[in-house]
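**Q** Dumping the structure here so I can ask a few things about it.
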Number of protein chains: 2
Amino acid sequence: MSESESGIEEAEVDVDFGEDGLVPAIAQDADSGEVLMLAYVSPEALDRTLETGEAHYYSRSREELWHKGGTSGHVQSIEEVRVDCDEDTLLYLVDQTGGACHTGHRSCFHRTIDGEHVGERVFEPDEVY
Amino acid sequence: MSESESGIEEAEVDVDFGEDGLVPAIAQDADSGEVLMLAYVSPEALDRTLETGEAHYYSRSREELWHKGGTSGHVQSIEEVRVDCDEDTLLYLVDQTGGACHTGHRSCFHRTIDGEHVGERVFEPDEVY
């Protein structure tokens, strides 16, 4: 533990990957602040993200390491990785190429809970995947 | 299914609460865009959120419905609730009173993965809890 200039104690970050070995990670556009997506991160995915500077996740459906944009080219360049107070959630601040969502939208959160369409569509999925 | 003005099909939203009956919900400041916290939401918590206009979650540690700010007064007024493309994550756009984090910070994401302190402290936890 050390004392920062602001007087708030800082400690080493020890991410709590929990029982399933994964933590949720929120990807946020570093410039606009738009929340783009949420996915899950394994220790290996976090290591790869920090090593390469591009967002990696763990695909729960495919059960494998997932380099976001590896197929589509819609990579996320990492500006900063943050961790929350409980150390069990990550925040990826990213520069998103293209769109984050496989539906062609900039953000996966392109609908309200009432089903209203509020998001911006930025590419044609059939032309990318 | 219906066709929206933009030509993108819209469907009823059917939130996938998964095996444990919970979905992660990201709380984002509706004005500044700051990501404040991530917590989990049960069907009851979502119902209460939509009924009352204040963010409710399910506390996994206390195993009970959690009205955010019920103790501290730091409630989150709901501006909008969004759902992601897979319908298994929610985004609460909120007007946050005080700070979201029990440590006194505006956001729970007040540290980088390297332990650097980057967040704004807005209240003294000992005076609130």
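FYI, nothing fancy with the structure tokens labels: chains A, B, ... in order, residues from 1 per chain, ligands from 1 as they appear.
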Using only C-alpha atoms, find which residues of chain A lie within 7 Å of chain B and jot them down as JSON, numbers by chain.
**A** {"A": [10, 11, 12, 13, 33, 34, 81, 82, 83, 84, 85, 108, 109, 110, 111, 112, 113, 114, 115]}
**Q** Would you give me, as a PyMOL selection string, the residues in chain A that DSSP reads as strand (DSSP E or B)?
**A** chain A and resi 2-3+9-10+23-29+35-41+54+56-59+64-67+76-83+90-96+105+111-112+117+121
**Q** Would you superpose chain B on chain A, least squares on all C-alpha atoms in order, and hand back the fitted chain as a tab-separated table (two decimals) with N, CA and C atoms, in the first residue's frame?
**A**
```tsv
chain	number	residue	atom	x	y	z
B	1	MET	N	0.79	-1.22	0.06
B	1	MET	CA	-0.04	-0.01	0.04
B	1	MET	C	0.87	1.21	0.02
B	2	SER	N	0.47	2.21	-0.74
B	2	SER	CA	1.20	3.47	-0.76
B	2	SER	C	0.19	4.60	-0.74
B	3	GLU	N	0.67	5.75	-0.36
B	3	GLU	CA	-0.21	6.90	-0.26
B	3	GLU	C	-0.05	7.75	-1.53
B	4	SER	N	-1.13	8.03	-2.23
B	4	SER	CA	-1.04	8.85	-3.43
B	4	SER	C	-1.04	10.31	-3.04
B	5	GLU	N	-0.82	11.18	-4.02
B	5	GLU	CA	-0.80	12.62	-3.77
B	5	GLU	C	-2.12	13.10	-3.21
B	6	SER	N	-3.22	12.45	-3.62
B	6	SER	CA	-4.54	12.89	-3.17
B	6	SER	C	-4.85	12.37	-1.77
B	7	GLY	N	-3.93	11.59	-1.22
B	7	GLY	CA	-4.16	11.07	0.12
B	7	GLY	C	-4.97	9.80	0.15
B	8	ILE	N	-5.35	9.31	-1.03
B	8	ILE	CA	-6.12	8.08	-1.09
B	8	ILE	C	-5.15	6.91	-1.28
B	9	GLU	N	-5.32	5.91	-0.47
B	9	GLU	CA	-4.39	4.79	-0.56
B	9	GLU	C	-4.57	4.03	-1.87
B	10	GLU	N	-3.46	3.60	-2.42
B	10	GLU	CA	-3.52	2.78	-3.63
B	10	GLU	C	-2.95	1.41	-3.30
B	11	ALA	N	-3.51	0.41	-3.96
B	11	ALA	CA	-3.04	-0.95	-3.74
B	11	ALA	C	-2.86	-1.62	-5.09
B	12	GLU	N	-2.06	-2.65	-5.09
B	12	GLU	CA	-1.93	-3.47	-6.29
B	12	GLU	C	-3.30	-3.99	-6.69
B	13	VAL	N	-3.53	-4.05	-7.99
B	13	VAL	CA	-4.80	-4.57	-8.47
B	13	VAL	C	-4.67	-6.08	-8.65
B	14	ASP	N	-5.60	-6.79	-8.04
B	14	ASP	CA	-5.62	-8.25	-8.14
B	14	ASP	C	-7.02	-8.64	-8.63
B	15	VAL	N	-7.16	-8.78	-9.95
B	15	VAL	CA	-8.48	-9.00	-10.54
B	15	VAL	C	-9.07	-10.32	-10.04
B	16	ASP	N	-10.32	-10.24	-9.60
B	16	ASP	CA	-11.04	-11.40	-9.06
B	16	ASP	C	-11.81	-12.07	-10.20
B	17	PHE	N	-11.26	-13.13	-10.76
B	17	PHE	CA	-11.88	-13.79	-11.92
B	17	PHE	C	-13.00	-14.74	-11.52
B	18	GLY	N	-13.23	-14.89	-10.24
B	18	GLY	CA	-14.42	-15.62	-9.78
B	18	GLY	C	-14.40	-17.10	-10.08
B	19	GLU	N	-15.55	-17.73	-9.82
B	19	GLU	CA	-15.64	-19.18	-9.91
B	19	GLU	C	-15.48	-19.70	-11.33
B	20	ASP	N	-16.01	-18.94	-12.30
B	20	ASP	CA	-15.93	-19.40	-13.69
B	20	ASP	C	-14.69	-18.90	-14.42
B	21	GLY	N	-13.83	-18.18	-13.71
B	21	GLY	CA	-12.58	-17.72	-14.31
B	21	GLY	C	-12.75	-16.55	-15.27
B	22	LEU	N	-13.87	-15.86	-15.18
B	22	LEU	CA	-14.15	-14.75	-16.10
B	22	LEU	C	-14.62	-13.52	-15.33
B	23	VAL	N	-14.32	-12.35	-15.88
B	23	VAL	CA	-14.91	-11.10	-15.39
B	23	VAL	C	-15.59	-10.40	-16.56
B	24	PRO	N	-16.70	-9.69	-16.28
B	24	PRO	CA	-17.30	-8.88	-17.34
B	24	PRO	C	-16.41	-7.68	-17.64
B	25	ALA	N	-16.35	-7.32	-18.91
B	25	ALA	CA	-15.62	-6.12	-19.33
B	25	ALA	C	-16.55	-5.26	-20.18
B	26	ILE	N	-16.67	-4.00	-19.80
B	26	ILE	CA	-17.45	-3.02	-20.55
B	26	ILE	C	-16.50	-2.34	-21.53
B	27	ALA	N	-16.88	-2.30	-22.81
B	27	ALA	CA	-16.09	-1.54	-23.78
B	27	ALA	C	-16.79	-0.21	-24.03
B	28	GLN	N	-16.04	0.87	-23.80
B	28	GLN	CA	-16.59	2.22	-23.96
B	28	GLN	C	-15.73	2.99	-24.96
B	29	ASP	N	-16.36	3.71	-25.86
B	29	ASP	CA	-15.64	4.56	-26.81
B	29	ASP	C	-14.91	5.65	-26.03
B	30	ALA	N	-13.59	5.69	-26.16
B	30	ALA	CA	-12.78	6.60	-25.34
B	30	ALA	C	-13.07	8.06	-25.67
B	31	ASP	N	-13.48	8.34	-26.90
B	31	ASP	CA	-13.76	9.73	-27.29
B	31	ASP	C	-15.19	10.14	-26.97
B	32	SER	N	-16.15	9.40	-27.49
B	32	SER	CA	-17.56	9.81	-27.38
B	32	SER	C	-18.18	9.41	-26.05
B	33	GLY	N	-17.59	8.42	-25.36
B	33	GLY	CA	-18.18	7.92	-24.13
B	33	GLY	C	-19.28	6.90	-24.34
B	34	GLU	N	-19.60	6.61	-25.60
B	34	GLU	CA	-20.66	5.63	-25.87
B	34	GLU	C	-20.27	4.25	-25.34
B	35	VAL	N	-21.19	3.60	-24.63
B	35	VAL	CA	-20.96	2.23	-24.21
B	35	VAL	C	-21.22	1.32	-25.41
B	36	LEU	N	-20.24	0.55	-25.78
B	36	LEU	CA	-20.31	-0.21	-27.02
B	36	LEU	C	-20.81	-1.64	-26.82
B	37	MET	N	-20.34	-2.30	-25.79
B	37	MET	CA	-20.67	-3.72	-25.60
B	37	MET	C	-20.22	-4.16	-24.22
B	38	LEU	N	-20.69	-5.34	-23.83
B	38	LEU	CA	-20.15	-6.02	-22.67
B	38	LEU	C	-19.80	-7.45	-23.09
B	39	ALA	N	-18.62	-7.88	-22.69
B	39	ALA	CA	-18.23	-9.27	-22.95
B	39	ALA	C	-17.40	-9.75	-21.76
B	40	TYR	N	-16.95	-10.98	-21.82
B	40	TYR	CA	-16.26	-11.58	-20.67
B	40	TYR	C	-14.79	-11.79	-20.98
B	41	VAL	N	-13.99	-11.72	-19.93
B	41	VAL	CA	-12.54	-11.72	-20.07
B	41	VAL	C	-11.94	-12.76	-19.14
B	42	SER	N	-11.09	-13.60	-19.71
B	42	SER	CA	-10.32	-14.58	-18.95
B	42	SER	C	-8.95	-13.98	-18.62
B	43	PRO	N	-8.21	-14.59	-17.73
B	43	PRO	CA	-6.85	-14.08	-17.46
B	43	PRO	C	-6.02	-13.99	-18.74
B	44	GLU	N	-6.13	-15.01	-19.61
B	44	GLU	CA	-5.38	-14.99	-20.87
B	44	GLU	C	-5.82	-13.82	-21.76
B	45	ALA	N	-7.14	-13.58	-21.81
B	45	ALA	CA	-7.66	-12.48	-22.63
B	45	ALA	C	-7.15	-11.14	-22.13
B	46	LEU	N	-7.11	-10.98	-20.80
B	46	LEU	CA	-6.59	-9.72	-20.25
B	46	LEU	C	-5.11	-9.56	-20.58
B	47	ASP	N	-4.35	-10.64	-20.42
B	47	ASP	CA	-2.93	-10.58	-20.76
B	47	ASP	C	-2.72	-10.17	-22.22
B	48	ARG	N	-3.48	-10.80	-23.11
B	48	ARG	CA	-3.34	-10.51	-24.55
B	48	ARG	C	-3.74	-9.06	-24.85
B	49	THR	N	-4.77	-8.58	-24.16
B	49	THR	CA	-5.23	-7.20	-24.35
B	49	THR	C	-4.12	-6.23	-23.98
B	50	LEU	N	-3.49	-6.48	-22.83
B	50	LEU	CA	-2.45	-5.56	-22.35
B	50	LEU	C	-1.18	-5.68	-23.20
B	51	GLU	N	-0.89	-6.89	-23.68
B	51	GLU	CA	0.31	-7.10	-24.49
B	51	GLU	C	0.19	-6.47	-25.88
B	52	THR	N	-1.00	-6.66	-26.50
B	52	THR	CA	-1.17	-6.27	-27.91
B	52	THR	C	-1.76	-4.87	-28.07
B	53	GLY	N	-2.43	-4.36	-27.03
B	53	GLY	CA	-3.11	-3.07	-27.17
B	53	GLY	C	-4.40	-3.16	-27.95
B	54	GLU	N	-4.88	-4.38	-28.20
B	54	GLU	CA	-6.19	-4.57	-28.84
B	54	GLU	C	-7.05	-5.46	-27.94
B	55	ALA	N	-8.36	-5.13	-27.89
B	55	ALA	CA	-9.25	-5.81	-26.96
B	55	ALA	C	-9.40	-7.29	-27.30
B	56	HIS	N	-9.18	-8.11	-26.29
B	56	HIS	CA	-9.44	-9.55	-26.35
B	56	HIS	C	-10.46	-9.91	-25.29
B	57	TYR	N	-11.29	-10.88	-25.61
B	57	TYR	CA	-12.29	-11.39	-24.69
B	57	TYR	C	-12.23	-12.92	-24.72
B	58	TYR	N	-13.09	-13.52	-23.89
B	58	TYR	CA	-13.28	-14.97	-23.95
B	58	TYR	C	-14.70	-15.22	-24.45
B	59	SER	N	-14.83	-15.93	-25.56
B	59	SER	CA	-16.15	-16.23	-26.10
B	59	SER	C	-16.75	-17.41	-25.34
B	60	ARG	N	-17.81	-17.14	-24.59
B	60	ARG	CA	-18.44	-18.22	-23.83
B	60	ARG	C	-19.15	-19.21	-24.75
B	61	SER	N	-19.67	-18.75	-25.89
B	61	SER	CA	-20.36	-19.67	-26.80
B	61	SER	C	-19.36	-20.54	-27.56
B	62	ARG	N	-18.27	-19.96	-27.98
B	62	ARG	CA	-17.27	-20.74	-28.73
B	62	ARG	C	-16.23	-21.37	-27.79
B	63	GLU	N	-16.26	-20.93	-26.53
B	63	GLU	CA	-15.33	-21.43	-25.52
B	63	GLU	C	-13.88	-21.29	-25.94
B	64	GLU	N	-13.56	-20.06	-26.39
B	64	GLU	CA	-12.17	-19.82	-26.80
B	64	GLU	C	-11.83	-18.34	-26.70
B	65	LEU	N	-10.53	-18.07	-26.68
B	65	LEU	CA	-10.03	-16.70	-26.71
B	65	LEU	C	-10.58	-16.01	-27.94
B	66	TRP	N	-10.98	-14.75	-27.79
B	66	TRP	CA	-11.64	-14.02	-28.87
B	66	TRP	C	-10.94	-12.68	-29.06
B	67	HIS	N	-10.24	-12.54	-30.18
B	67	HIS	CA	-9.67	-11.25	-30.56
B	67	HIS	C	-10.74	-10.48	-31.29
B	68	LYS	N	-11.32	-9.49	-30.60
B	68	LYS	CA	-12.41	-8.70	-31.18
B	68	LYS	C	-11.95	-8.06	-32.49
B	69	GLY	N	-12.70	-8.32	-33.55
B	69	GLY	CA	-12.35	-7.74	-34.85
B	69	GLY	C	-11.42	-8.61	-35.66
B	70	GLY	N	-11.03	-9.75	-35.11
B	70	GLY	CA	-10.12	-10.65	-35.83
B	70	GLY	C	-10.69	-11.10	-37.17
B	71	THR	N	-12.02	-11.28	-37.23
B	71	THR	CA	-12.68	-11.66	-38.48
B	71	THR	C	-13.15	-10.44	-39.26
B	72	SER	N	-13.81	-9.51	-38.57
B	72	SER	CA	-14.47	-8.38	-39.24
B	72	SER	C	-13.53	-7.22	-39.53
B	73	GLY	N	-12.40	-7.18	-38.86
B	73	GLY	CA	-11.54	-6.01	-38.95
B	73	GLY	C	-11.93	-4.90	-38.00
B	74	HIS	N	-13.04	-5.09	-37.29
B	74	HIS	CA	-13.53	-4.05	-36.38
B	74	HIS	C	-12.88	-4.17	-35.01
B	75	VAL	N	-11.59	-3.94	-35.00
B	75	VAL	CA	-10.81	-4.08	-33.78
B	75	VAL	C	-11.06	-2.91	-32.84
B	76	GLN	N	-10.68	-3.11	-31.58
B	76	GLN	CA	-10.77	-2.07	-30.55
B	76	GLN	C	-9.37	-1.80	-30.02
B	77	SER	N	-8.83	-0.64	-30.38
B	77	SER	CA	-7.53	-0.24	-29.84
B	77	SER	C	-7.73	0.27	-28.42
B	78	ILE	N	-6.92	-0.24	-27.53
B	78	ILE	CA	-7.07	0.08	-26.11
B	78	ILE	C	-6.41	1.42	-25.77
B	79	GLU	N	-7.21	2.32	-25.20
B	79	GLU	CA	-6.66	3.57	-24.68
B	79	GLU	C	-6.27	3.39	-23.21
B	80	GLU	N	-7.11	2.66	-22.48
B	80	GLU	CA	-6.86	2.45	-21.05
B	80	GLU	C	-7.73	1.30	-20.57
B	81	VAL	N	-7.23	0.56	-19.60
B	81	VAL	CA	-8.03	-0.47	-18.93
B	81	VAL	C	-8.20	-0.05	-17.48
B	82	ARG	N	-9.45	0.00	-17.05
B	82	ARG	CA	-9.74	0.31	-15.65
B	82	ARG	C	-10.38	-0.88	-14.96
B	83	VAL	N	-10.34	-0.86	-13.66
B	83	VAL	CA	-10.93	-1.91	-12.85
B	83	VAL	C	-11.82	-1.25	-11.80
B	84	ASP	N	-12.89	-1.93	-11.42
B	84	ASP	CA	-13.79	-1.30	-10.44
B	84	ASP	C	-13.34	-1.56	-9.01
B	85	CYS	N	-14.06	-0.99	-8.07
B	85	CYS	CA	-13.65	-1.01	-6.67
B	85	CYS	C	-13.55	-2.44	-6.11
B	86	ASP	N	-14.39	-3.33	-6.60
B	86	ASP	CA	-14.38	-4.72	-6.15
B	86	ASP	C	-13.40	-5.59	-6.93
B	87	GLU	N	-12.81	-5.01	-7.96
B	87	GLU	CA	-11.83	-5.71	-8.80
B	87	GLU	C	-12.44	-6.92	-9.51
B	88	ASP	N	-13.75	-6.86	-9.76
B	88	ASP	CA	-14.38	-7.98	-10.47
B	88	ASP	C	-15.10	-7.54	-11.75
B	89	THR	N	-14.80	-6.32	-12.21
B	89	THR	CA	-15.31	-5.84	-13.49
B	89	THR	C	-14.26	-4.94	-14.12
B	90	LEU	N	-14.10	-5.05	-15.44
B	90	LEU	CA	-13.14	-4.22	-16.16
B	90	LEU	C	-13.87	-3.21	-17.04
B	91	LEU	N	-13.20	-2.12	-17.31
B	91	LEU	CA	-13.68	-1.12	-18.26
B	91	LEU	C	-12.57	-0.91	-19.29
B	92	TYR	N	-12.88	-1.27	-20.55
B	92	TYR	CA	-11.94	-1.04	-21.65
B	92	TYR	C	-12.32	0.29	-22.31
B	93	LEU	N	-11.44	1.26	-22.26
B	93	LEU	CA	-11.64	2.50	-23.01
B	93	LEU	C	-10.95	2.31	-24.35
B	94	VAL	N	-11.73	2.37	-25.43
B	94	VAL	CA	-11.22	1.92	-26.73
B	94	VAL	C	-11.46	2.92	-27.84
B	95	ASP	N	-10.66	2.76	-28.88
B	95	ASP	CA	-10.90	3.42	-30.16
B	95	ASP	C	-11.45	2.33	-31.08
B	96	GLN	N	-12.76	2.37	-31.35
B	96	GLN	CA	-13.45	1.31	-32.09
B	96	GLN	C	-13.39	1.57	-33.59
B	97	THR	N	-12.82	0.62	-34.33
B	97	THR	CA	-12.91	0.67	-35.79
B	97	THR	C	-14.26	0.11	-36.20
B	98	GLY	N	-14.97	0.80	-37.12
B	98	GLY	CA	-16.27	0.32	-37.60
B	98	GLY	C	-17.28	0.28	-36.49
B	99	GLY	N	-17.96	-0.85	-36.32
B	99	GLY	CA	-18.97	-0.98	-35.28
B	99	GLY	C	-18.66	-2.13	-34.36
B	100	ALA	N	-19.11	-2.01	-33.11
B	100	ALA	CA	-18.85	-3.08	-32.14
B	100	ALA	C	-19.82	-4.24	-32.30
B	101	CYS	N	-21.01	-3.97	-32.85
B	101	CYS	CA	-22.07	-4.97	-32.82
B	101	CYS	C	-22.15	-5.76	-34.13
B	102	HIS	N	-22.36	-7.06	-33.99
B	102	HIS	CA	-22.43	-7.92	-35.17
B	102	HIS	C	-23.65	-7.62	-36.04
B	103	THR	N	-24.61	-6.83	-35.51
B	103	THR	CA	-25.78	-6.44	-36.30
B	103	THR	C	-25.50	-5.24	-37.20
B	104	GLY	N	-24.29	-4.70	-37.10
B	104	GLY	CA	-23.94	-3.55	-37.93
B	104	GLY	C	-24.06	-2.22	-37.21
B	105	HIS	N	-24.43	-2.25	-35.95
B	105	HIS	CA	-24.57	-1.02	-35.16
B	105	HIS	C	-23.24	-0.66	-34.50
B	106	ARG	N	-23.11	0.62	-34.28
B	106	ARG	CA	-21.94	1.11	-33.56
B	106	ARG	C	-21.86	0.47	-32.17
B	107	SER	N	-23.00	0.40	-31.48
B	107	SER	CA	-23.08	-0.15	-30.13
B	107	SER	C	-24.06	-1.31	-30.10
B	108	CYS	N	-23.77	-2.29	-29.24
B	108	CYS	CA	-24.73	-3.39	-29.04
B	108	CYS	C	-26.00	-2.91	-28.32
B	109	PHE	N	-25.92	-1.74	-27.67
B	109	PHE	CA	-27.07	-1.22	-26.91
B	109	PHE	C	-27.86	-0.26	-27.81
B	110	HIS	N	-28.44	-0.81	-28.86
B	110	HIS	CA	-29.11	0.03	-29.86
B	110	HIS	C	-30.62	-0.03	-29.75
B	111	ARG	N	-31.11	-0.62	-28.65
B	111	ARG	CA	-32.56	-0.67	-28.42
B	111	ARG	C	-32.86	-0.36	-26.96
B	112	THR	N	-34.01	0.27	-26.74
B	112	THR	CA	-34.49	0.44	-25.37
B	112	THR	C	-35.14	-0.86	-24.93
B	113	ILE	N	-35.42	-0.93	-23.63
B	113	ILE	CA	-36.08	-2.11	-23.07
B	113	ILE	C	-37.48	-2.29	-23.67
B	114	ASP	N	-38.02	-1.22	-24.24
B	114	ASP	CA	-39.34	-1.30	-24.89
B	114	ASP	C	-39.22	-1.70	-26.36
B	115	GLY	N	-38.00	-1.93	-26.83
B	115	GLY	CA	-37.82	-2.37	-28.22
B	115	GLY	C	-37.68	-1.22	-29.20
B	116	GLU	N	-37.61	0.00	-28.69
B	116	GLU	CA	-37.44	1.15	-29.58
B	116	GLU	C	-35.99	1.19	-30.10
B	117	HIS	N	-35.87	1.42	-31.39
B	117	HIS	CA	-34.54	1.46	-32.00
B	117	HIS	C	-33.93	2.84	-31.83
B	118	VAL	N	-32.77	2.91	-31.13
B	118	VAL	CA	-32.16	4.21	-30.84
B	118	VAL	C	-30.72	4.30	-31.33
B	119	GLY	N	-30.17	3.20	-31.83
B	119	GLY	CA	-28.75	3.18	-32.17
B	119	GLY	C	-28.46	3.50	-33.61
B	120	GLU	N	-27.20	3.77	-33.86
B	120	GLU	CA	-26.74	4.12	-35.19
B	120	GLU	C	-26.17	2.89	-35.89
B	121	ARG	N	-26.68	2.62	-37.09
B	121	ARG	CA	-26.15	1.50	-37.86
B	121	ARG	C	-25.03	2.02	-38.74
B	122	VAL	N	-23.86	1.39	-38.66
B	122	VAL	CA	-22.69	1.95	-39.35
B	122	VAL	C	-22.12	1.04	-40.43
B	123	PHE	N	-22.57	-0.22	-40.46
B	123	PHE	CA	-22.10	-1.08	-41.55
B	123	PHE	C	-23.14	-2.15	-41.85
B	124	GLU	N	-22.97	-2.81	-43.00
B	124	GLU	CA	-23.89	-3.84	-43.45
B	124	GLU	C	-23.28	-5.21	-43.09
B	125	PRO	N	-23.88	-5.91	-42.12
B	125	PRO	CA	-23.25	-7.13	-41.62
B	125	PRO	C	-22.94	-8.16	-42.72
B	126	ASP	N	-23.82	-8.27	-43.73
B	126	ASP	CA	-23.61	-9.27	-44.78
B	126	ASP	C	-22.32	-9.01	-45.57
B	127	GLU	N	-21.87	-7.76	-45.56
B	127	GLU	CA	-20.67	-7.41	-46.33
B	127	GLU	C	-19.40	-7.59	-45.51
B	128	VAL	N	-19.57	-7.85	-44.19
B	128	VAL	CA	-18.41	-7.89	-43.29
B	128	VAL	C	-18.10	-9.29	-42.81
B	129	TYR	N	-19.18	-10.06	-42.52
B	129	TYR	CA	-18.97	-11.39	-41.93
B	129	TYR	C	-19.13	-12.48	-42.98
```
**Q** From the DSSP assignment of the backbone, select every residue of chain A that is helix (DSSP H, G or I), and format the answer as an MDAnalysis selection string.
**A** chainID A and resid 43:52 125:128
**Q** Given the selection you just returned, output its residues as a file containing all heavy atoms, formatted as an mmCIF file, in the first residue's frame.
**A**
```cif
data_model
loop_
_atom_site.group_PDB
_atom_site.id
_atom_site.type_symbol
_atom_site.label_atom_id
_atom_site.label_comp_id
_atom_site.auth_asym_id
_atom_site.auth_seq_id
_atom_site.Cartn_x
_atom_site.Cartn_y
_atom_site.Cartn_z
ATOM 1 N N PRO A 43 -8.206 -14.601 -17.718
ATOM 2 C CA PRO A 43 -6.850 -14.086 -17.459
ATOM 3 C C PRO A 43 -6.019 -13.993 -18.737
ATOM 4 O O PRO A 43 -5.315 -13.007 -18.953
ATOM 5 C CB PRO A 43 -6.271 -15.124 -16.483
ATOM 6 C CG PRO A 43 -7.465 -15.673 -15.764
ATOM 7 C CD PRO A 43 -8.553 -15.707 -16.803
ATOM 8 N N GLU A 44 -6.135 -15.009 -19.595
ATOM 9 C CA GLU A 44 -5.375 -14.982 -20.853
ATOM 10 C C GLU A 44 -5.826 -13.821 -21.738
ATOM 11 O O GLU A 44 -4.999 -13.143 -22.363
ATOM 12 C CB GLU A 44 -5.575 -16.315 -21.604
ATOM 13 C CG GLU A 44 -4.770 -16.395 -22.900
ATOM 14 C CD GLU A 44 -5.132 -17.620 -23.747
ATOM 15 O OE1 GLU A 44 -6.119 -18.310 -23.416
ATOM 16 O OE2 GLU A 44 -4.425 -17.866 -24.745
ATOM 17 N N ALA A 45 -7.138 -13.574 -21.804
ATOM 18 C CA ALA A 45 -7.659 -12.483 -22.628
ATOM 19 C C ALA A 45 -7.162 -11.134 -22.114
ATOM 20 O O ALA A 45 -6.820 -10.245 -22.908
ATOM 21 C CB ALA A 45 -9.184 -12.523 -22.656
ATOM 22 N N LEU A 46 -7.117 -10.976 -20.793
ATOM 23 C CA LEU A 46 -6.608 -9.721 -20.231
ATOM 24 C C LEU A 46 -5.130 -9.551 -20.565
ATOM 25 O O LEU A 46 -4.685 -8.465 -20.970
ATOM 26 C CB LEU A 46 -6.832 -9.688 -18.716
ATOM 27 C CG LEU A 46 -6.306 -8.441 -18.006
ATOM 28 C CD1 LEU A 46 -6.875 -7.149 -18.583
ATOM 29 C CD2 LEU A 46 -6.603 -8.526 -16.501
ATOM 30 N N ASP A 47 -4.363 -10.618 -20.411
ATOM 31 C CA ASP A 47 -2.934 -10.560 -20.752
ATOM 32 C C ASP A 47 -2.732 -10.158 -22.202
ATOM 33 O O ASP A 47 -1.916 -9.289 -22.515
ATOM 34 C CB ASP A 47 -2.266 -11.921 -20.503
ATOM 35 C CG ASP A 47 -2.090 -12.218 -19.020
ATOM 36 O OD1 ASP A 47 -2.230 -11.287 -18.204
ATOM 37 O OD2 ASP A 47 -1.823 -13.381 -18.691
ATOM 38 N N ARG A 48 -3.488 -10.787 -23.096
ATOM 39 C CA ARG A 48 -3.342 -10.507 -24.528
ATOM 40 C C ARG A 48 -3.740 -9.062 -24.842
ATOM 41 O O ARG A 48 -3.144 -8.414 -25.698
ATOM 42 C CB ARG A 48 -4.187 -11.478 -25.363
ATOM 43 C CG ARG A 48 -3.722 -12.914 -25.307
ATOM 44 C CD ARG A 48 -2.396 -13.127 -26.034
ATOM 45 N NE ARG A 48 -2.529 -12.870 -27.464
ATOM 46 C CZ ARG A 48 -1.510 -12.513 -28.255
ATOM 47 N NH1 ARG A 48 -0.309 -12.349 -27.758
ATOM 48 N NH2 ARG A 48 -1.712 -12.311 -29.545
ATOM 49 N N THR A 49 -4.785 -8.585 -24.156
ATOM 50 C CA THR A 49 -5.229 -7.205 -24.344
ATOM 51 C C THR A 49 -4.119 -6.228 -23.965
ATOM 52 O O THR A 49 -3.826 -5.282 -24.705
ATOM 53 C CB THR A 49 -6.480 -6.941 -23.478
ATOM 54 O OG1 THR A 49 -7.530 -7.795 -23.936
ATOM 55 C CG2 THR A 49 -6.925 -5.494 -23.553
ATOM 56 N N LEU A 50 -3.493 -6.470 -22.819
ATOM 57 C CA LEU A 50 -2.459 -5.552 -22.345
ATOM 58 C C LEU A 50 -1.185 -5.664 -23.193
ATOM 59 O O LEU A 50 -0.507 -4.665 -23.432
ATOM 60 C CB LEU A 50 -2.155 -5.832 -20.868
ATOM 61 C CG LEU A 50 -3.346 -5.595 -19.919
ATOM 62 C CD1 LEU A 50 -3.000 -6.042 -18.496
ATOM 63 C CD2 LEU A 50 -3.769 -4.124 -19.932
ATOM 64 N N GLU A 51 -0.892 -6.878 -23.663
ATOM 65 C CA GLU A 51 0.313 -7.084 -24.471
ATOM 66 C C GLU A 51 0.183 -6.467 -25.868
ATOM 67 O O GLU A 51 1.117 -5.867 -26.379
ATOM 68 C CB GLU A 51 0.589 -8.588 -24.642
ATOM 69 C CG GLU A 51 1.173 -9.272 -23.409
ATOM 70 C CD GLU A 51 1.058 -10.802 -23.503
ATOM 71 O OE1 GLU A 51 0.805 -11.318 -24.618
ATOM 72 O OE2 GLU A 51 1.209 -11.446 -22.459
ATOM 73 N N THR A 52 -1.007 -6.647 -26.477
ATOM 74 C CA THR A 52 -1.168 -6.255 -27.883
ATOM 75 C C THR A 52 -1.760 -4.863 -28.055
ATOM 76 O O THR A 52 -1.648 -4.285 -29.140
ATOM 77 C CB THR A 52 -2.110 -7.233 -28.617
ATOM 78 O OG1 THR A 52 -3.423 -7.129 -28.039
ATOM 79 C CG2 THR A 52 -1.615 -8.672 -28.495
ATOM 80 N N PRO A 125 -23.858 -5.905 -42.131
ATOM 81 C CA PRO A 125 -23.234 -7.135 -41.645
ATOM 82 C C PRO A 125 -22.914 -8.143 -42.746
ATOM 83 O O PRO A 125 -21.875 -8.798 -42.704
ATOM 84 C CB PRO A 125 -24.266 -7.719 -40.679
ATOM 85 C CG PRO A 125 -25.187 -6.619 -40.351
ATOM 86 C CD PRO A 125 -25.115 -5.614 -41.451
ATOM 87 N N ASP A 126 -23.788 -8.249 -43.746
ATOM 88 C CA ASP A 126 -23.569 -9.252 -44.796
ATOM 89 C C ASP A 126 -22.290 -8.994 -45.579
ATOM 90 O O ASP A 126 -21.726 -9.900 -46.203
ATOM 91 C CB ASP A 126 -24.758 -9.268 -45.779
ATOM 92 C CG ASP A 126 -25.994 -9.864 -45.126
ATOM 93 O OD1 ASP A 126 -25.855 -10.495 -44.069
ATOM 94 O OD2 ASP A 126 -27.087 -9.668 -45.674
ATOM 95 N N GLU A 127 -21.848 -7.745 -45.558
ATOM 96 C CA GLU A 127 -20.646 -7.410 -46.330
ATOM 97 C C GLU A 127 -19.373 -7.588 -45.511
ATOM 98 O O GLU A 127 -18.272 -7.466 -46.041
ATOM 99 C CB GLU A 127 -20.730 -5.956 -46.830
ATOM 100 C CG GLU A 127 -21.875 -5.745 -47.813
ATOM 101 C CD GLU A 127 -22.082 -4.282 -48.159
ATOM 102 O OE1 GLU A 127 -21.299 -3.437 -47.681
ATOM 103 O OE2 GLU A 127 -23.043 -3.995 -48.892
ATOM 104 N N VAL A 128 -19.539 -7.846 -44.209
ATOM 105 C CA VAL A 128 -18.378 -7.884 -43.316
ATOM 106 C C VAL A 128 -18.080 -9.296 -42.833
ATOM 107 O O VAL A 128 -16.928 -9.697 -42.746
ATOM 108 C CB VAL A 128 -18.598 -6.933 -42.113
ATOM 109 C CG1 VAL A 128 -17.511 -7.127 -41.073
ATOM 110 C CG2 VAL A 128 -18.651 -5.484 -42.578
#
```
